Amino acid sequence: MSTKPLILGIESSCDDTSLAIIKGHQILANVVSNQKVHAEFGGVVPELASRAHQQNIVPAFEVALKRSGIKKEELNAIAYTRGPGLMGSLLVGSSFAKGLSISLGIPLIEVHHMKAHILAHMIDDNESTPNFPFICLTVSGGHTQLIVVKSPTDMEIVGETIDDAAGEAFDKAAKMMGLPYPGGPLIDKLAKEGKIGTHPFNVGTMDGYNFSFSGFKTSVLYYLRDQIEKDPNFIEKNKEDLCASIQDSILGVLFKKLEKLVEETGIKDVAIAGGVSANSELRARLAAKREEGWNTHIPKFEYCTDNAAMIAMAGFFSYEAEKYGELAAAPQARMPF
Ligand code: KG4
Ligand code: ZN
């Protein structure tokens with residue numbers, strides 16, 4: 001009989017309800033229920049998100065059990081996202097986790113959502129697994145971080161955004177172009193048909209490893225406003241080229257800092273994580289760095305955007321270290337790293 005623990009992961013920090021079951025490093029089920037209710041509002045509506053989590057969480061758990069072929073009594077621990085995220089959404093996942101932990105009499109494990117994005121790399125059906133220490137560029141809807149990952153439990157943030165996150169920059173630029181939320185994947189798709197460098201956007205410069213995207217946002221806004229004054233159909237006529245330039249501007253600044261960190265630390269294992277790591281151009285540009293001697297690691301597509309597989313993976317490392325959570329622990333919208 002295998003001694004590998006069976007861990008349930010629960011993710012409900014934003015607008016995806018996800019439950020996964022992991023055995024050691026192997027994912028047995030990863031159920032993600034996307035919430036469609038937000039599209040017409042141009043962004044995630046927190047109250048609608050928590051209500052949808054309430055509706056989705058029990059069916060998603062049942063599907064996860066069915067797909068994995070295990071009974072809930074076989075689970076060894078329950079890992080859940082304690083933060084950061086939307087308070088109402090986190091409450092649904094944490095309450096469910098706590099109730100199940102009491103009823104099954106098994107330990108609870110608290111997981112930091114951003115650390116879990118990074119640990120998604122340790123799931124065994126990825127193409128490659130990074131060696132420690134490695135550098136991770138974590139780019140999501142709420143965070144942009146450059147991290148030196150020394151071990152699964154020892155990570156140091158060396159740079160981060162001082163205002164908007166990279167995903168937010170994608171989404172807000174898309175919104176200014178009249179594209180629906182979330183705009184990131186749409187910009188990715190349209191940019192494939194466009195030419196870069198046809199539209200100038202200012203991404204600004206920051207010293208060190210920090211990022212700032214507020215200047216970029218203003219630059220897109222003013223540029224579009226000026227062009228629309230001259231031609232009301234400007235966006236429609238230039239959609240693909242605009243997307244290519246927007247994407248190139250955001251990726252350009254991310255790579256500039258990433259290259260600097262690789263050079264200064266000498267660490268050649270480089271990974272990407274978070275929702276924006278699903279971006280096809282980001283993946284291609286990182287893979288191309290192999291020619292410069294980087295050991296690049298690109299997570300499987302389904303482990304990039306929010307998912308519970310990564311929460312279960314992070315839970316595994318805490319379980320191994322016997323680091324358990326408390327029933328009294330409240331969710332943390334702004335959880336310290
Ligand atoms: O990690 P994630 O799923 O949720 C957060 O924790 O924030 O990241 C969501 C972000 C959104 O801003 C979304 O537009 C962006 O990831 N995103 C993308 C792509 N897929 C998702 N951005 C650019 N290209 C993509 N293909
Ligand atoms: Zn995320």
# chains A, B, ... in the order shown; residues from 1 in each chain; ligands from 1
>>> closest_atom_pairs(of="range 199-249 of chain A", to="range 144-157 of chain A", cutoff="10 Å", atoms="only C-alpha atoms", output="CSV")
residue,atom,partner,partner_atom,distance
A:Tyr209,CA,A:Leu146,CA,7.4
A:Asn210,CA,A:Gln145,CA,8.2
A:Phe211,CA,A:Thr144,CA,7.7
A:Ser212,CA,A:Thr144,CA,9.5
>>> residues_around(residues="range 277-293 of chain A", least_positions_apart="3", cutoff="10 Å", atoms="only C-alpha atoms", output="JSON, numbers by chain")
{"A": [137, 138, 139, 140, 167, 184, 185, 186, 187, 188, 189, 191, 192, 244, 247, 248, 250, 251, 252, 254, 255, 259, 268, 269, 270, 271, 272, 273, 274, 296, 297, 298, 299, 300, 301, 302, 303, 304, 305]}
>>> write_last_selection(atoms="C-alpha atoms", output="CSV table (one decimal), in the first residue's frame")
chain,number,residue,atom,x,y,z
A,137,LEU,CA,8.2,35.6,-12.1
A,138,THR,CA,4.7,35.5,-10.7
A,139,VAL,CA,2.2,37.4,-12.7
A,140,SER,CA,-1.5,37.4,-11.9
A,167,GLY,CA,-2.8,41.0,-15.3
A,184,GLY,CA,-5.8,39.2,-20.9
A,185,PRO,CA,-6.7,36.1,-22.8
A,186,LEU,CA,-8.3,38.2,-25.6
A,187,ILE,CA,-5.3,40.4,-26.0
A,188,ASP,CA,-3.2,37.3,-26.3
A,189,LYS,CA,-5.4,35.9,-29.0
A,191,ALA,CA,-2.1,40.0,-30.7
A,192,LYS,CA,-1.2,36.8,-32.7
A,244,ALA,CA,0.3,43.2,-30.1
A,247,GLN,CA,1.3,42.9,-25.0
A,248,ASP,CA,4.8,43.7,-26.2
A,250,ILE,CA,4.0,44.7,-20.8
A,251,LEU,CA,6.2,41.7,-21.6
A,252,GLY,CA,9.1,44.0,-22.4
A,254,LEU,CA,8.7,42.0,-17.2
A,255,PHE,CA,11.6,40.5,-19.2
A,259,GLU,CA,17.0,39.3,-17.2
A,268,LYS,CA,19.7,29.9,-14.3
A,269,ASP,CA,16.5,28.0,-13.3
A,270,VAL,CA,13.7,30.3,-14.2
A,271,ALA,CA,10.0,29.8,-13.9
A,272,ILE,CA,6.8,31.7,-14.5
A,273,ALA,CA,3.6,31.4,-12.5
A,274,GLY,CA,0.1,33.0,-12.1
A,296,THR,CA,13.2,27.5,-18.2
A,297,HIS,CA,10.1,26.1,-16.6
A,298,ILE,CA,6.6,26.7,-18.0
A,299,PRO,CA,3.7,25.2,-16.0
A,300,LYS,CA,1.0,23.2,-17.7
A,301,PHE,CA,-1.7,25.6,-18.9
A,302,GLU,CA,-4.3,24.4,-16.3
A,303,TYR,CA,-1.9,25.1,-13.4
A,304,CYS,CA,-1.4,28.8,-14.5
A,305,THR,CA,-4.8,30.4,-13.8
>>> closest_residue(among="A:Gly24, A:Leu327, A:Ser13, A:Asn34", to="Ser50 in chain A", atoms="only C-alpha atoms")
A:Ser13
>>> select_by_dssp(residues="range 52-240 of chain A", states="strand (DSSP E or B)", output="MDAnalysis selection string")
chainID A and resid 77:83 108:112 134:139 144:151 154:161 211
>>> write_last_selection(atoms="N, CA and C atoms", output="JSON list (two decimals), in the first residue's frame")
[["chain", "number", "residue", "atom", "x", "y", "z"],
["A", 77, "ALA", "N", -5.67, 15.02, 4.67],
["A", 77, "ALA", "CA", -5.66, 16.41, 5.12],
["A", 77, "ALA", "C", -6.42, 17.29, 4.13],
["A", 78, "ILE", "N", -6.77, 18.49, 4.59],
["A", 78, "ILE", "CA", -7.48, 19.45, 3.73],
["A", 78, "ILE", "C", -6.70, 20.76, 3.69],
["A", 79, "ALA", "N", -6.26, 21.13, 2.49],
["A", 79, "ALA", "CA", -5.51, 22.38, 2.31],
["A", 79, "ALA", "C", -6.45, 23.40, 1.66],
["A", 80, "TYR", "N", -6.46, 24.62, 2.18],
["A", 80, "TYR", "CA", -7.34, 25.64, 1.59],
["A", 80, "TYR", "C", -6.61, 26.97, 1.50],
["A", 81, "THR", "N", -7.06, 27.81, 0.58],
["A", 81, "THR", "CA", -6.49, 29.15, 0.43],
["A", 81, "THR", "C", -6.96, 30.04, 1.57],
["A", 82, "ARG", "N", -6.02, 30.47, 2.41],
["A", 82, "ARG", "CA", -6.40, 31.38, 3.51],
["A", 82, "ARG", "C", -6.35, 32.83, 3.03],
["A", 83, "GLY", "N", -5.56, 33.10, 2.02],
["A", 83, "GLY", "CA", -5.45, 34.46, 1.47],
["A", 83, "GLY", "C", -4.26, 34.50, 0.53],
["A", 108, "LEU", "N", -6.17, 20.36, 9.02],
["A", 108, "LEU", "CA", -6.43, 21.49, 8.14],
["A", 108, "LEU", "C", -5.08, 22.13, 7.81],
["A", 109, "ILE", "N", -4.90, 22.57, 6.57],
["A", 109, "ILE", "CA", -3.64, 23.22, 6.21],
["A", 109, "ILE", "C", -3.95, 24.55, 5.54],
["A", 110, "GLU", "N", -3.30, 25.63, 6.02],
["A", 110, "GLU", "CA", -3.52, 26.96, 5.44],
["A", 110, "GLU", "C", -2.52, 27.19, 4.31],
["A", 111, "VAL", "N", -3.02, 27.68, 3.18],
["A", 111, "VAL", "CA", -2.13, 27.90, 2.04],
["A", 111, "VAL", "C", -2.18, 29.37, 1.61],
["A", 112, "HIS", "N", -0.99, 29.90, 1.27],
["A", 112, "HIS", "CA", -0.88, 31.25, 0.72],
["A", 112, "HIS", "C", -1.04, 31.14, -0.80],
["A", 134, "PHE", "N", 15.51, 28.62, -7.50],
["A", 134, "PHE", "CA", 15.13, 29.09, -8.82],
["A", 134, "PHE", "C", 14.46, 30.46, -8.71],
["A", 135, "ILE", "N", 14.41, 31.14, -9.85],
["A", 135, "ILE", "CA", 13.76, 32.46, -9.90],
["A", 135, "ILE", "C", 12.36, 32.25, -10.46],
["A", 136, "CYS", "N", 11.37, 32.89, -9.83],
["A", 136, "CYS", "CA", 10.01, 32.79, -10.38],
["A", 136, "CYS", "C", 9.44, 34.18, -10.62],
["A", 137, "LEU", "N", 8.95, 34.39, -11.82],
["A", 137, "LEU", "CA", 8.20, 35.61, -12.14],
["A", 137, "LEU", "C", 6.73, 35.24, -11.98],
["A", 138, "THR", "N", 6.11, 35.78, -10.92],
["A", 138, "THR", "CA", 4.70, 35.46, -10.67],
["A", 138, "THR", "C", 3.85, 36.63, -11.14],
["A", 139, "VAL", "N", 3.00, 36.36, -12.12],
["A", 139, "VAL", "CA", 2.21, 37.43, -12.73],
["A", 139, "VAL", "C", 0.74, 37.03, -12.76],
["A", 144, "THR", "N", 2.35, 41.05, -9.12],
["A", 144, "THR", "CA", 3.48, 40.90, -10.05],
["A", 144, "THR", "C", 4.70, 40.83, -9.15],
["A", 145, "GLN", "N", 5.34, 39.67, -9.10],
["A", 145, "GLN", "CA", 6.43, 39.50, -8.14],
["A", 145, "GLN", "C", 7.61, 38.77, -8.78],
["A", 146, "LEU", "N", 8.80, 39.21, -8.40],
["A", 146, "LEU", "CA", 10.03, 38.48, -8.77],
["A", 146, "LEU", "C", 10.51, 37.82, -7.48],
["A", 147, "ILE", "N", 10.62, 36.50, -7.51],
["A", 147, "ILE", "CA", 10.89, 35.76, -6.28],
["A", 147, "ILE", "C", 12.07, 34.82, -6.45],
["A", 148, "VAL", "N", 12.91, 34.78, -5.43],
["A", 148, "VAL", "CA", 13.95, 33.74, -5.39],
["A", 148, "VAL", "C", 13.40, 32.64, -4.48],
["A", 149, "VAL", "N", 13.20, 31.46, -5.08],
["A", 149, "VAL", "CA", 12.60, 30.33, -4.36],
["A", 149, "VAL", "C", 13.74, 29.41, -3.92],
["A", 150, "LYS", "N", 14.00, 29.41, -2.61],
["A", 150, "LYS", "CA", 15.14, 28.62, -2.09],
["A", 150, "LYS", "C", 14.70, 27.19, -1.77],
["A", 151, "SER", "N", 13.45, 27.04, -1.34],
["A", 151, "SER", "CA", 12.89, 25.71, -1.05],
["A", 151, "SER", "C", 11.37, 25.89, -1.07],
["A", 154, "ASP", "N", 10.74, 28.32, 1.69],
["A", 154, "ASP", "CA", 11.61, 29.49, 1.87],
["A", 154, "ASP", "C", 11.69, 30.27, 0.56],
["A", 155, "MET", "N", 10.93, 31.37, 0.51],
["A", 155, "MET", "CA", 10.85, 32.18, -0.72],
["A", 155, "MET", "C", 11.06, 33.65, -0.36],
["A", 156, "GLU", "N", 11.82, 34.35, -1.22],
["A", 156, "GLU", "CA", 12.10, 35.76, -0.94],
["A", 156, "GLU", "C", 11.64, 36.64, -2.10],
["A", 157, "ILE", "N", 10.80, 37.62, -1.79],
["A", 157, "ILE", "CA", 10.36, 38.57, -2.83],
["A", 157, "ILE", "C", 11.48, 39.58, -3.04],
["A", 158, "VAL", "N", 11.99, 39.69, -4.28],
["A", 158, "VAL", "CA", 13.04, 40.69, -4.51],
["A", 158, "VAL", "C", 12.50, 41.92, -5.26],
["A", 159, "GLY", "N", 11.32, 41.77, -5.85],
["A", 159, "GLY", "CA", 10.72, 42.92, -6.52],
["A", 159, "GLY", "C", 9.24, 42.69, -6.71],
["A", 160, "GLU", "N", 8.47, 43.79, -6.74],
["A", 160, "GLU", "CA", 7.03, 43.64, -6.99],
["A", 160, "GLU", "C", 6.46, 44.94, -7.52],
["A", 161, "THR", "N", 5.21, 44.90, -7.91],
["A", 161, "THR", "CA", 4.61, 46.12, -8.47],
["A", 161, "THR", "C", 4.24, 47.08, -7.34],
["A", 211, "PHE", "N", 8.12, 47.08, -10.16],
["A", 211, "PHE", "CA", 7.39, 47.39, -11.38],
["A", 211, "PHE", "C", 6.35, 48.48, -11.09]]
>>> residues_around(residues="range 306-323 of chain A", least_positions_apart="3", cutoff="7 Å", atoms="only C-alpha atoms", output="mmCIF file with all heavy atoms, in the first residue's frame")
data_model
loop_
_atom_site.group_PDB
_atom_site.id
_atom_site.type_symbol
_atom_site.label_atom_id
_atom_site.label_comp_id
_atom_site.auth_asym_id
_atom_site.auth_seq_id
_atom_site.Cartn_x
_atom_site.Cartn_y
_atom_site.Cartn_z
ATOM 1 N N ILE A 7 -4.409 14.473 -0.341
ATOM 2 C CA ILE A 7 -4.770 15.805 0.182
ATOM 3 C C ILE A 7 -5.784 16.485 -0.723
ATOM 4 O O ILE A 7 -5.631 16.495 -1.949
ATOM 5 C CB ILE A 7 -3.500 16.679 0.358
ATOM 6 C CG1 ILE A 7 -2.584 16.012 1.400
ATOM 7 C CG2 ILE A 7 -3.861 18.100 0.781
ATOM 8 C CD1 ILE A 7 -1.235 16.658 1.560
ATOM 9 N N LEU A 8 -6.821 17.033 -0.077
ATOM 10 C CA LEU A 8 -7.822 17.811 -0.815
ATOM 11 C C LEU A 8 -7.373 19.268 -0.830
ATOM 12 O O LEU A 8 -6.985 19.806 0.215
ATOM 13 C CB LEU A 8 -9.189 17.700 -0.114
ATOM 14 C CG LEU A 8 -10.309 18.581 -0.678
ATOM 15 C CD1 LEU A 8 -10.787 18.067 -2.035
ATOM 16 C CD2 LEU A 8 -11.481 18.665 0.296
ATOM 17 N N GLY A 9 -7.397 19.902 -1.989
ATOM 18 C CA GLY A 9 -7.082 21.332 -2.087
ATOM 19 C C GLY A 9 -8.357 22.102 -2.397
ATOM 20 O O GLY A 9 -9.183 21.643 -3.195
ATOM 21 N N ILE A 10 -8.511 23.259 -1.751
ATOM 22 C CA ILE A 10 -9.703 24.091 -1.987
ATOM 23 C C ILE A 10 -9.252 25.510 -2.310
ATOM 24 O O ILE A 10 -8.527 26.137 -1.535
ATOM 25 C CB ILE A 10 -10.620 24.107 -0.742
ATOM 26 C CG1 ILE A 10 -11.051 22.684 -0.375
ATOM 27 C CG2 ILE A 10 -11.833 25.010 -0.983
ATOM 28 C CD1 ILE A 10 -11.831 22.596 0.930
ATOM 29 N N GLU A 11 -9.680 26.004 -3.471
ATOM 30 C CA GLU A 11 -9.312 27.371 -3.897
ATOM 31 C C GLU A 11 -10.588 28.171 -4.150
ATOM 32 O O GLU A 11 -11.441 27.764 -4.942
ATOM 33 C CB GLU A 11 -8.449 27.287 -5.163
ATOM 34 C CG GLU A 11 -8.415 28.534 -6.034
ATOM 35 C CD GLU A 11 -7.862 29.781 -5.350
ATOM 36 O OE1 GLU A 11 -7.036 29.657 -4.438
ATOM 37 O OE2 GLU A 11 -8.302 30.879 -5.720
ATOM 38 N N ASP A 16 -12.953 31.798 -9.291
ATOM 39 C CA ASP A 16 -13.000 30.396 -9.707
ATOM 40 C C ASP A 16 -13.142 29.523 -8.474
ATOM 41 O O ASP A 16 -12.367 29.675 -7.533
ATOM 42 C CB ASP A 16 -11.708 29.986 -10.435
ATOM 43 C CG ASP A 16 -11.554 30.702 -11.765
ATOM 44 O OD1 ASP A 16 -12.549 30.777 -12.512
ATOM 45 O OD2 ASP A 16 -10.451 31.190 -12.043
ATOM 46 N N SER A 18 -12.533 25.999 -7.100
ATOM 47 C CA SER A 18 -11.785 24.828 -7.558
ATOM 48 C C SER A 18 -11.473 23.881 -6.408
ATOM 49 O O SER A 18 -11.134 24.308 -5.307
ATOM 50 C CB SER A 18 -10.492 25.281 -8.248
ATOM 51 O OG SER A 18 -9.762 24.168 -8.710
ATOM 52 N N LEU A 19 -11.630 22.579 -6.685
ATOM 53 C CA LEU A 19 -11.276 21.538 -5.713
ATOM 54 C C LEU A 19 -10.441 20.486 -6.414
ATOM 55 O O LEU A 19 -10.753 20.090 -7.541
ATOM 56 C CB LEU A 19 -12.532 20.901 -5.091
ATOM 57 C CG LEU A 19 -13.142 21.805 -4.002
ATOM 58 C CD1 LEU A 19 -14.196 22.693 -4.563
ATOM 59 C CD2 LEU A 19 -13.639 21.012 -2.830
ATOM 60 N N ALA A 20 -9.365 20.080 -5.747
ATOM 61 C CA ALA A 20 -8.461 19.093 -6.360
ATOM 62 C C ALA A 20 -8.033 18.075 -5.323
ATOM 63 O O ALA A 20 -8.052 18.351 -4.122
ATOM 64 C CB ALA A 20 -7.232 19.796 -6.928
ATOM 65 N N ILE A 21 -7.667 16.896 -5.809
ATOM 66 C CA ILE A 21 -7.130 15.862 -4.912
ATOM 67 C C ILE A 21 -5.777 15.445 -5.447
ATOM 68 O O ILE A 21 -5.619 15.156 -6.643
ATOM 69 C CB ILE A 21 -8.104 14.665 -4.804
ATOM 70 C CG1 ILE A 21 -9.405 15.148 -4.138
ATOM 71 C CG2 ILE A 21 -7.476 13.519 -3.988
ATOM 72 C CD1 ILE A 21 -10.550 14.180 -4.175
ATOM 73 N N ILE A 22 -4.789 15.456 -4.541
ATOM 74 C CA ILE A 22 -3.418 15.104 -4.925
ATOM 75 C C ILE A 22 -2.961 13.898 -4.116
ATOM 76 O O ILE A 22 -3.342 13.747 -2.951
ATOM 77 C CB ILE A 22 -2.477 16.329 -4.714
ATOM 78 C CG1 ILE A 22 -1.196 16.207 -5.544
ATOM 79 C CG2 ILE A 22 -2.144 16.545 -3.252
ATOM 80 C CD1 ILE A 22 -0.373 17.497 -5.619
ATOM 81 N N GLY A 24 0.617 12.535 -3.143
ATOM 82 C CA GLY A 24 2.030 12.905 -3.285
ATOM 83 C C GLY A 24 2.117 14.113 -4.201
ATOM 84 O O GLY A 24 1.532 15.158 -3.912
ATOM 85 N N HIS A 25 2.797 13.939 -5.349
ATOM 86 C CA HIS A 25 2.894 15.037 -6.329
ATOM 87 C C HIS A 25 1.965 14.811 -7.526
ATOM 88 O O HIS A 25 2.038 15.534 -8.513
ATOM 89 C CB HIS A 25 4.338 15.149 -6.847
ATOM 90 C CG HIS A 25 5.321 15.648 -5.830
ATOM 91 N ND1 HIS A 25 5.986 16.844 -5.957
ATOM 92 C CD2 HIS A 25 5.747 15.103 -4.664
ATOM 93 C CE1 HIS A 25 6.792 17.008 -4.908
ATOM 94 N NE2 HIS A 25 6.661 15.957 -4.122
ATOM 95 N N ILE A 27 -1.620 14.633 -9.393
ATOM 96 C CA ILE A 27 -2.998 15.138 -9.328
ATOM 97 C C ILE A 27 -3.975 14.042 -9.778
ATOM 98 O O ILE A 27 -3.858 13.518 -10.884
ATOM 99 C CB ILE A 27 -3.159 16.399 -10.222
ATOM 100 C CG1 ILE A 27 -2.280 17.553 -9.717
ATOM 101 C CG2 ILE A 27 -4.626 16.841 -10.300
ATOM 102 C CD1 ILE A 27 -2.614 18.077 -8.331
ATOM 103 N N ASN A 30 -8.732 17.662 -10.679
ATOM 104 C CA ASN A 30 -8.597 19.120 -10.536
ATOM 105 C C ASN A 30 -9.826 19.742 -11.194
ATOM 106 O O ASN A 30 -9.878 19.888 -12.400
ATOM 107 C CB ASN A 30 -7.300 19.594 -11.205
ATOM 108 C CG ASN A 30 -7.086 21.093 -11.076
ATOM 109 O OD1 ASN A 30 -7.470 21.700 -10.076
ATOM 110 N ND2 ASN A 30 -6.476 21.703 -12.077
ATOM 111 N N VAL A 32 -12.327 22.751 -11.851
ATOM 112 C CA VAL A 32 -12.392 24.217 -11.796
ATOM 113 C C VAL A 32 -13.740 24.660 -12.349
ATOM 114 O O VAL A 32 -14.083 24.338 -13.482
ATOM 115 C CB VAL A 32 -11.260 24.890 -12.615
ATOM 116 C CG1 VAL A 32 -11.301 26.406 -12.445
ATOM 117 C CG2 VAL A 32 -9.894 24.352 -12.211
ATOM 118 N N ALA A 79 -6.258 21.130 2.490
ATOM 119 C CA ALA A 79 -5.515 22.385 2.309
ATOM 120 C C ALA A 79 -6.451 23.398 1.661
ATOM 121 O O ALA A 79 -7.154 23.068 0.710
ATOM 122 C CB ALA A 79 -4.311 22.144 1.420
ATOM 123 N N TYR A 80 -6.463 24.618 2.176
ATOM 124 C CA TYR A 80 -7.342 25.636 1.592
ATOM 125 C C TYR A 80 -6.608 26.966 1.499
ATOM 126 O O TYR A 80 -5.670 27.226 2.251
ATOM 127 C CB TYR A 80 -8.628 25.779 2.433
ATOM 128 C CG TYR A 80 -8.413 26.496 3.750
ATOM 129 C CD1 TYR A 80 -8.692 27.861 3.881
ATOM 130 C CD2 TYR A 80 -7.876 25.825 4.843
ATOM 131 C CE1 TYR A 80 -8.470 28.525 5.079
ATOM 132 C CE2 TYR A 80 -7.649 26.477 6.044
ATOM 133 C CZ TYR A 80 -7.953 27.825 6.155
ATOM 134 O OH TYR A 80 -7.711 28.488 7.337
ATOM 135 N N THR A 81 -7.060 27.812 0.577
ATOM 136 C CA THR A 81 -6.486 29.153 0.428
ATOM 137 C C THR A 81 -6.961 30.036 1.572
ATOM 138 O O THR A 81 -8.157 30.337 1.663
ATOM 139 C CB THR A 81 -6.921 29.780 -0.915
ATOM 140 O OG1 THR A 81 -6.593 28.885 -1.965
ATOM 141 C CG2 THR A 81 -6.252 31.117 -1.150
ATOM 142 N N ILE A 109 -4.901 22.573 6.572
ATOM 143 C CA ILE A 109 -3.639 23.224 6.206
ATOM 144 C C ILE A 109 -3.951 24.555 5.537
ATOM 145 O O ILE A 109 -4.752 24.617 4.599
ATOM 146 C CB ILE A 109 -2.810 22.319 5.255
ATOM 147 C CG1 ILE A 109 -2.392 21.026 5.977
ATOM 148 C CG2 ILE A 109 -1.581 23.058 4.724
ATOM 149 C CD1 ILE A 109 -1.827 19.960 5.066
ATOM 150 N N VAL A 111 -3.018 27.678 3.183
ATOM 151 C CA VAL A 111 -2.131 27.900 2.040
ATOM 152 C C VAL A 111 -2.178 29.369 1.606
ATOM 153 O O VAL A 111 -3.247 29.987 1.570
ATOM 154 C CB VAL A 111 -2.513 26.971 0.859
ATOM 155 C CG1 VAL A 111 -1.702 27.302 -0.387
ATOM 156 C CG2 VAL A 111 -2.320 25.500 1.240
ATOM 157 N N ALA A 116 1.351 29.186 -3.608
ATOM 158 C CA ALA A 116 0.818 28.001 -4.295
ATOM 159 C C ALA A 116 1.005 28.120 -5.808
ATOM 160 O O ALA A 116 1.326 27.141 -6.473
ATOM 161 C CB ALA A 116 -0.657 27.816 -3.946
ATOM 162 N N HIS A 117 0.814 29.332 -6.357
ATOM 163 C CA HIS A 117 1.046 29.520 -7.801
ATOM 164 C C HIS A 117 2.456 29.032 -8.157
ATOM 165 O O HIS A 117 2.660 28.382 -9.180
ATOM 166 C CB HIS A 117 0.912 30.999 -8.185
ATOM 167 C CG HIS A 117 -0.474 31.394 -8.629
ATOM 168 N ND1 HIS A 117 -1.113 30.796 -9.693
ATOM 169 C CD2 HIS A 117 -1.336 32.344 -8.160
ATOM 170 C CE1 HIS A 117 -2.310 31.358 -9.865
ATOM 171 N NE2 HIS A 117 -2.469 32.290 -8.944
ATOM 172 N N LEU A 119 4.390 26.895 -6.357
ATOM 173 C CA LEU A 119 4.563 25.457 -6.085
ATOM 174 C C LEU A 119 3.833 24.569 -7.092
ATOM 175 O O LEU A 119 4.072 23.359 -7.138
ATOM 176 C CB LEU A 119 4.148 25.144 -4.639
ATOM 177 C CG LEU A 119 5.081 25.786 -3.590
ATOM 178 C CD1 LEU A 119 4.520 25.624 -2.185
ATOM 179 C CD2 LEU A 119 6.490 25.193 -3.672
ATOM 180 N N ALA A 120 2.979 25.178 -7.914
ATOM 181 C CA ALA A 120 2.330 24.417 -9.008
ATOM 182 C C ALA A 120 3.388 23.741 -9.871
ATOM 183 O O ALA A 120 3.127 22.711 -10.490
ATOM 184 C CB ALA A 120 1.472 25.357 -9.853
ATOM 185 N N ILE A 123 4.133 19.924 -9.284
ATOM 186 C CA ILE A 123 3.171 18.878 -9.679
ATOM 187 C C ILE A 123 3.841 18.032 -10.760
ATOM 188 O O ILE A 123 4.471 18.577 -11.680
ATOM 189 C CB ILE A 123 1.857 19.521 -10.190
ATOM 190 C CG1 ILE A 123 1.181 20.306 -9.057
ATOM 191 C CG2 ILE A 123 0.914 18.453 -10.746
ATOM 192 C CD1 ILE A 123 -0.006 21.152 -9.506
ATOM 193 N N PRO A 152 10.579 24.795 -0.964
ATOM 194 C CA PRO A 152 9.121 24.973 -0.988
ATOM 195 C C PRO A 152 8.613 25.867 0.151
ATOM 196 O O PRO A 152 7.534 26.447 0.061
ATOM 197 C CB PRO A 152 8.590 23.547 -0.815
ATOM 198 C CG PRO A 152 9.677 22.666 -1.314
ATOM 199 C CD PRO A 152 10.958 23.366 -0.969
ATOM 200 N N GLY A 275 -1.799 33.665 -13.425
ATOM 201 C CA GLY A 275 -2.679 33.694 -14.588
ATOM 202 C C GLY A 275 -2.027 34.180 -15.873
ATOM 203 O O GLY A 275 -2.259 33.624 -16.948
ATOM 204 N N TYR A 303 -2.452 24.767 -14.756
ATOM 205 C CA TYR A 303 -1.901 25.130 -13.449
ATOM 206 C C TYR A 303 -1.461 26.595 -13.401
ATOM 207 O O TYR A 303 -0.831 27.029 -12.440
ATOM 208 C CB TYR A 303 -0.724 24.218 -13.082
ATOM 209 C CG TYR A 303 -1.054 22.741 -13.093
ATOM 210 C CD1 TYR A 303 -0.142 21.782 -13.536
ATOM 211 C CD2 TYR A 303 -2.302 22.286 -12.657
ATOM 212 C CE1 TYR A 303 -0.455 20.430 -13.550
ATOM 213 C CE2 TYR A 303 -2.628 20.936 -12.679
ATOM 214 C CZ TYR A 303 -1.702 20.012 -13.132
ATOM 215 O OH TYR A 303 -2.010 18.677 -13.153
#
>>> select_by_dssp(residues="range 86-244 of chain A", states="alpha helix (DSSP H)", output="PyMOL selection string")
chain A and resi 87-104+113-119+166-176+183-191+214-230+234-244
>>> closest_residue(among="A:Lys195, A:Lys239, A:Lys230, A:His143", to="Ala174 in chain A", atoms="only C-alpha atoms")
A:Lys239
>>> closest_residue(among="A:Glu73, A:Asp15, A:Asp163, A:Asp124", to="ligand 2", atoms="only C-alpha atoms and all ligand atoms")
A:Asp15
>>> atom_distance(atom1="CA of Gly194 in chain A", atom2="CA of Ser249 in chain A")
13.7 Å
>>> atom_distance(atom1="CA of Asp125 in chain A", atom2="CA of Gln26 in chain A")
7.2 Å
>>> residues_around(residues="Pro180 in chain A", least_positions_apart="4", cutoff="7 Å", atoms="only C-alpha atoms", output="PyMOL selection string")
chain A and resi 39+42+175
>>> write_last_selection(atoms="all heavy atoms", output="PDB file, in the first residue's frame")
ATOM      1  N   ALA A  39     -18.841  38.614 -16.330  1.00  0.00           N
ATOM      2  CA  ALA A  39     -18.484  39.137 -17.659  1.00  0.00           C
ATOM      3  C   ALA A  39     -19.213  40.439 -17.994  1.00  0.00           C
ATOM      4  O   ALA A  39     -18.593  41.406 -18.443  1.00  0.00           O
ATOM      5  CB  ALA A  39     -18.750  38.084 -18.719  1.00  0.00           C
ATOM      6  N   GLY A  42     -17.761  43.792 -16.412  1.00  0.00           N
ATOM      7  CA  GLY A  42     -16.418  44.288 -16.737  1.00  0.00           C
ATOM      8  C   GLY A  42     -15.402  44.048 -15.635  1.00  0.00           C
ATOM      9  O   GLY A  42     -14.355  44.687 -15.593  1.00  0.00           O
ATOM     10  N   LYS A 175     -10.093  46.719 -21.482  1.00  0.00           N
ATOM     11  CA  LYS A 175     -11.346  47.424 -21.181  1.00  0.00           C
ATOM     12  C   LYS A 175     -11.407  48.755 -21.939  1.00  0.00           C
ATOM     13  O   LYS A 175     -12.450  49.114 -22.488  1.00  0.00           O
ATOM     14  CB  LYS A 175     -11.434  47.656 -19.670  1.00  0.00           C
ATOM     15  CG  LYS A 175     -12.815  48.010 -19.184  1.00  0.00           C
ATOM     16  CD  LYS A 175     -12.857  48.011 -17.672  1.00  0.00           C
ATOM     17  CE  LYS A 175     -14.243  48.382 -17.175  1.00  0.00           C
ATOM     18  NZ  LYS A 175     -14.329  48.360 -15.706  1.00  0.00           N
TER      19      LYS A 175
END
